[in-house]
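Everything on this sheet refers to the single structure shown next.
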Amino acid sequence: MRNQFVLDAEILDVGPLRRTPAGIDSVALRLRHLSEQDEGGASRTAELTIDASAFGDLAPHLGVLAKGQEVSVRGFLTKRSHSSDIPVLIINEFKTIQTR
């Protein structure tokens with residue numbers, strides 16, 4: 001089954017770099033997306049805010065980015081924890097987007 005999520009978004013918040021109990025670097029972010037999308041031939045504003053996390057070598061690189069920085073991220077969606085249905089985006093790849 002596929003679970004692939006690609007999003008261009010603005011960073012609203014970046015948490016501190018932490019380590020998991022297994023000693024893996026991790027960082028938590030909050031991302032905001034806003035765009036116009038086609039819905040059945042009509043234009044629709046698509047807007048969402050989503051929590052995201054990155055682990056391993058990627059975490060320190062995302063952790064130094066500033067609020068307001070625009071990024072393009074690729075990853076997958078999962079539950080925040082085994083006891084929660086709240087989605088979180090796990091980032092596997094990212095690149096910064098240069099704003100004007």
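Naming works like this for the structure tokens: A, B, ... for the chains as they're shown, residue 1 at the start of each chain, ligands 1 onward in shown order.
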
Which neighbours of segment 57-74 of chain A fall inside 10 Å, counting only C-alpha atoms, when residues of the same chain fewer than 3 positions from it are skipped, and could you give them as a PDB file with N, CA and C atoms, in the first residue's frame?
ATOM      1  N   GLN A   4       2.478   8.081   0.596  1.00  0.00           N
ATOM      2  CA  GLN A   4       3.492   9.064   0.215  1.00  0.00           C
ATOM      3  C   GLN A   4       2.832  10.429   0.216  1.00  0.00           C
ATOM      4  N   PHE A   5       3.469  11.388   0.871  1.00  0.00           N
ATOM      5  CA  PHE A   5       2.894  12.714   1.040  1.00  0.00           C
ATOM      6  C   PHE A   5       3.933  13.743   0.609  1.00  0.00           C
ATOM      7  N   VAL A   6       3.549  14.635  -0.299  1.00  0.00           N
ATOM      8  CA  VAL A   6       4.430  15.693  -0.779  1.00  0.00           C
ATOM      9  C   VAL A   6       3.727  17.018  -0.521  1.00  0.00           C
ATOM     10  N   LEU A   7       4.454  17.975   0.062  1.00  0.00           N
ATOM     11  CA  LEU A   7       3.820  19.222   0.462  1.00  0.00           C
ATOM     12  C   LEU A   7       4.819  20.362   0.405  1.00  0.00           C
ATOM     13  N   ASP A   8       4.387  21.490  -0.139  1.00  0.00           N
ATOM     14  CA  ASP A   8       5.127  22.744  -0.020  1.00  0.00           C
ATOM     15  C   ASP A   8       4.466  23.509   1.120  1.00  0.00           C
ATOM     16  N   ALA A   9       5.275  23.981   2.067  1.00  0.00           N
ATOM     17  CA  ALA A   9       4.691  24.586   3.260  1.00  0.00           C
ATOM     18  C   ALA A   9       5.636  25.602   3.889  1.00  0.00           C
ATOM     19  N   GLU A  10       5.069  26.409   4.754  1.00  0.00           N
ATOM     20  CA  GLU A  10       5.830  27.361   5.563  1.00  0.00           C
ATOM     21  C   GLU A  10       6.027  26.763   6.950  1.00  0.00           C
ATOM     22  N   ILE A  11       7.210  26.929   7.502  1.00  0.00           N
ATOM     23  CA  ILE A  11       7.473  26.454   8.855  1.00  0.00           C
ATOM     24  C   ILE A  11       6.874  27.452   9.847  1.00  0.00           C
ATOM     25  N   LEU A  12       5.948  26.968  10.674  1.00  0.00           N
ATOM     26  CA  LEU A  12       5.353  27.809  11.715  1.00  0.00           C
ATOM     27  C   LEU A  12       6.118  27.704  13.020  1.00  0.00           C
ATOM     28  N   ASP A  13       6.684  26.519  13.280  1.00  0.00           N
ATOM     29  CA  ASP A  13       7.407  26.312  14.526  1.00  0.00           C
ATOM     30  C   ASP A  13       8.400  25.175  14.344  1.00  0.00           C
ATOM     31  N   VAL A  14       9.556  25.305  14.970  1.00  0.00           N
ATOM     32  CA  VAL A  14      10.582  24.259  14.977  1.00  0.00           C
ATOM     33  C   VAL A  14      10.964  24.000  16.422  1.00  0.00           C
ATOM     34  N   GLY A  15      10.829  22.761  16.843  1.00  0.00           N
ATOM     35  CA  GLY A  15      11.199  22.394  18.202  1.00  0.00           C
ATOM     36  C   GLY A  15      12.696  22.187  18.322  1.00  0.00           C
ATOM     37  N   PRO A  16      13.165  21.978  19.533  1.00  0.00           N
ATOM     38  CA  PRO A  16      14.593  21.738  19.742  1.00  0.00           C
ATOM     39  C   PRO A  16      14.992  20.351  19.224  1.00  0.00           C
ATOM     40  N   LEU A  17      16.248  20.228  18.868  1.00  0.00           N
ATOM     41  CA  LEU A  17      16.784  18.933  18.466  1.00  0.00           C
ATOM     42  C   LEU A  17      16.818  18.043  19.708  1.00  0.00           C
ATOM     43  N   ARG A  18      16.248  16.865  19.591  1.00  0.00           N
ATOM     44  CA  ARG A  18      16.195  15.919  20.717  1.00  0.00           C
ATOM     45  C   ARG A  18      16.748  14.574  20.262  1.00  0.00           C
ATOM     46  N   ARG A  19      16.860  13.670  21.188  1.00  0.00           N
ATOM     47  CA  ARG A  19      17.258  12.291  20.877  1.00  0.00           C
ATOM     48  C   ARG A  19      16.165  11.350  21.361  1.00  0.00           C
ATOM     49  N   ILE A  24      18.590   8.357  18.568  1.00  0.00           N
ATOM     50  CA  ILE A  24      18.454   8.905  17.211  1.00  0.00           C
ATOM     51  C   ILE A  24      18.008  10.360  17.311  1.00  0.00           C
ATOM     52  N   ASP A  25      18.668  11.252  16.563  1.00  0.00           N
ATOM     53  CA  ASP A  25      18.266  12.661  16.534  1.00  0.00           C
ATOM     54  C   ASP A  25      16.832  12.774  16.019  1.00  0.00           C
ATOM     55  N   SER A  26      16.083  13.722  16.602  1.00  0.00           N
ATOM     56  CA  SER A  26      14.717  13.983  16.132  1.00  0.00           C
ATOM     57  C   SER A  26      14.393  15.452  16.310  1.00  0.00           C
ATOM     58  N   VAL A  27      13.504  15.939  15.466  1.00  0.00           N
ATOM     59  CA  VAL A  27      13.021  17.311  15.573  1.00  0.00           C
ATOM     60  C   VAL A  27      11.543  17.322  15.177  1.00  0.00           C
ATOM     61  N   ALA A  28      10.763  18.128  15.884  1.00  0.00           N
ATOM     62  CA  ALA A  28       9.339  18.282  15.596  1.00  0.00           C
ATOM     63  C   ALA A  28       9.108  19.662  14.994  1.00  0.00           C
ATOM     64  N   LEU A  29       8.226  19.721  14.010  1.00  0.00           N
ATOM     65  CA  LEU A  29       7.894  20.978  13.344  1.00  0.00           C
ATOM     66  C   LEU A  29       6.389  21.101  13.207  1.00  0.00           C
ATOM     67  N   ARG A  30       5.928  22.312  12.986  1.00  0.00           N
ATOM     68  CA  ARG A  30       4.548  22.562  12.591  1.00  0.00           C
ATOM     69  C   ARG A  30       4.611  23.279  11.255  1.00  0.00           C
ATOM     70  N   LEU A  31       3.884  22.757  10.270  1.00  0.00           N
ATOM     71  CA  LEU A  31       3.911  23.279   8.907  1.00  0.00           C
ATOM     72  C   LEU A  31       2.534  23.811   8.509  1.00  0.00           C
ATOM     73  N   ARG A  32       2.543  24.862   7.691  1.00  0.00           N
ATOM     74  CA  ARG A  32       1.295  25.434   7.167  1.00  0.00           C
ATOM     75  C   ARG A  32       1.361  25.483   5.650  1.00  0.00           C
ATOM     76  N   HIS A  33       0.317  24.971   5.010  1.00  0.00           N
ATOM     77  CA  HIS A  33       0.222  24.977   3.556  1.00  0.00           C
ATOM     78  C   HIS A  33      -0.984  25.818   3.142  1.00  0.00           C
ATOM     79  N   ALA A  52       4.765  17.740  12.049  1.00  0.00           N
ATOM     80  CA  ALA A  52       5.698  16.890  11.315  1.00  0.00           C
ATOM     81  C   ALA A  52       6.899  16.581  12.188  1.00  0.00           C
ATOM     82  N   SER A  53       7.586  15.499  11.870  1.00  0.00           N
ATOM     83  CA  SER A  53       8.802  15.114  12.574  1.00  0.00           C
ATOM     84  C   SER A  53       9.816  14.590  11.569  1.00  0.00           C
ATOM     85  N   ALA A  54      11.080  14.732  11.923  1.00  0.00           N
ATOM     86  CA  ALA A  54      12.167  14.166  11.125  1.00  0.00           C
ATOM     87  C   ALA A  54      13.146  13.501  12.077  1.00  0.00           C
ATOM     88  N   LEU A  89       3.124  14.019   9.997  1.00  0.00           N
ATOM     89  CA  LEU A  89       3.903  13.794   8.786  1.00  0.00           C
ATOM     90  C   LEU A  89       5.330  13.466   9.178  1.00  0.00           C
ATOM     91  N   ILE A  90       5.820  12.304   8.776  1.00  0.00           N
ATOM     92  CA  ILE A  90       7.207  11.933   8.996  1.00  0.00           C
ATOM     93  C   ILE A  90       7.977  12.319   7.738  1.00  0.00           C
ATOM     94  N   ILE A  91       8.917  13.238   7.875  1.00  0.00           N
ATOM     95  CA  ILE A  91       9.651  13.781   6.734  1.00  0.00           C
ATOM     96  C   ILE A  91      10.868  12.909   6.437  1.00  0.00           C
ATOM     97  N   ASN A  92      10.960  12.462   5.188  1.00  0.00           N
ATOM     98  CA  ASN A  92      12.110  11.679   4.729  1.00  0.00           C
ATOM     99  C   ASN A  92      13.042  12.481   3.825  1.00  0.00           C
ATOM    100  N   GLU A  93      12.504  13.520   3.191  1.00  0.00           N
ATOM    101  CA  GLU A  93      13.287  14.380   2.291  1.00  0.00           C
ATOM    102  C   GLU A  93      12.753  15.798   2.404  1.00  0.00           C
ATOM    103  N   PHE A  94      13.626  16.778   2.206  1.00  0.00           N
ATOM    104  CA  PHE A  94      13.148  18.153   2.143  1.00  0.00           C
ATOM    105  C   PHE A  94      14.142  18.998   1.348  1.00  0.00           C
ATOM    106  N   LYS A  95      13.630  20.122   0.861  1.00  0.00           N
ATOM    107  CA  LYS A  95      14.493  21.152   0.282  1.00  0.00           C
ATOM    108  C   LYS A  95      13.858  22.495   0.619  1.00  0.00           C
ATOM    109  N   THR A  96      14.693  23.492   0.773  1.00  0.00           N
ATOM    110  CA  THR A  96      14.171  24.825   1.053  1.00  0.00           C
ATOM    111  C   THR A  96      13.694  25.451  -0.243  1.00  0.00           C
ATOM    112  N   ILE A  97      12.701  26.314  -0.121  1.00  0.00           N
ATOM    113  CA  ILE A  97      12.162  27.049  -1.266  1.00  0.00           C
ATOM    114  C   ILE A  97      12.569  28.496  -1.078  1.00  0.00           C
ATOM    115  N   GLN A  98      13.221  29.035  -2.061  1.00  0.00           N
ATOM    116  CA  GLN A  98      13.633  30.435  -2.015  1.00  0.00           C
ATOM    117  C   GLN A  98      12.442  31.330  -2.264  1.00  0.00           C
ATOM    118  N   THR A  99      12.179  32.237  -1.335  1.00  0.00           N
ATOM    119  CA  THR A  99      11.072  33.184  -1.493  1.00  0.00           C
ATOM    120  C   THR A  99      11.611  34.485  -2.045  1.00  0.00           C
TER     121      THR A  99
END

TODO: From the DSSP assignment of the backbone, select every residue of segment 1-57 of chain A that is strand (DSSP E or B), and format the answer as a VMD selection string.
DONE: chain A and resid 5 to 14 18 to 19 25 to 39 42 to 55

TODO: Write down as number ranges by chain the residues of chain A whose backbone DSSP state falls under alpha helix (DSSP H).
DONE: A: 58-63

For N, CA and C atoms, I'd like the residues from the last selection saved as a tab-separated table (two decimals), in the first residue's frame.
chain	number	residue	atom	x	y	z
A	58	LEU	N	18.60	13.79	8.99
A	58	LEU	CA	17.78	14.89	8.50
A	58	LEU	C	17.40	15.88	9.61
A	59	ALA	N	17.26	15.39	10.82
A	59	ALA	CA	16.76	16.22	11.93
A	59	ALA	C	17.59	17.48	12.18
A	60	PRO	N	18.92	17.40	12.28
A	60	PRO	CA	19.68	18.63	12.53
A	60	PRO	C	19.56	19.66	11.40
A	61	HIS	N	19.40	19.18	10.17
A	61	HIS	CA	19.29	20.09	9.02
A	61	HIS	C	17.96	20.84	9.04
A	62	LEU	N	16.90	20.17	9.42
A	62	LEU	CA	15.60	20.84	9.54
A	62	LEU	C	15.54	21.68	10.81
A	63	GLY	N	16.21	21.23	11.85
A	63	GLY	CA	16.16	21.92	13.14
A	63	GLY	C	16.75	23.32	13.14

Open item on the list: If I take atom CA of Ala22 of chain A and atom CA of Ser81 of chain A, how far is one from the other in Å, to one decimal?
Closed with: 16.6 Å

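A straight line drawn from atom CA of Asp85 of chain A to atom CA of Glu39 of chain A is 26.7 Å long.
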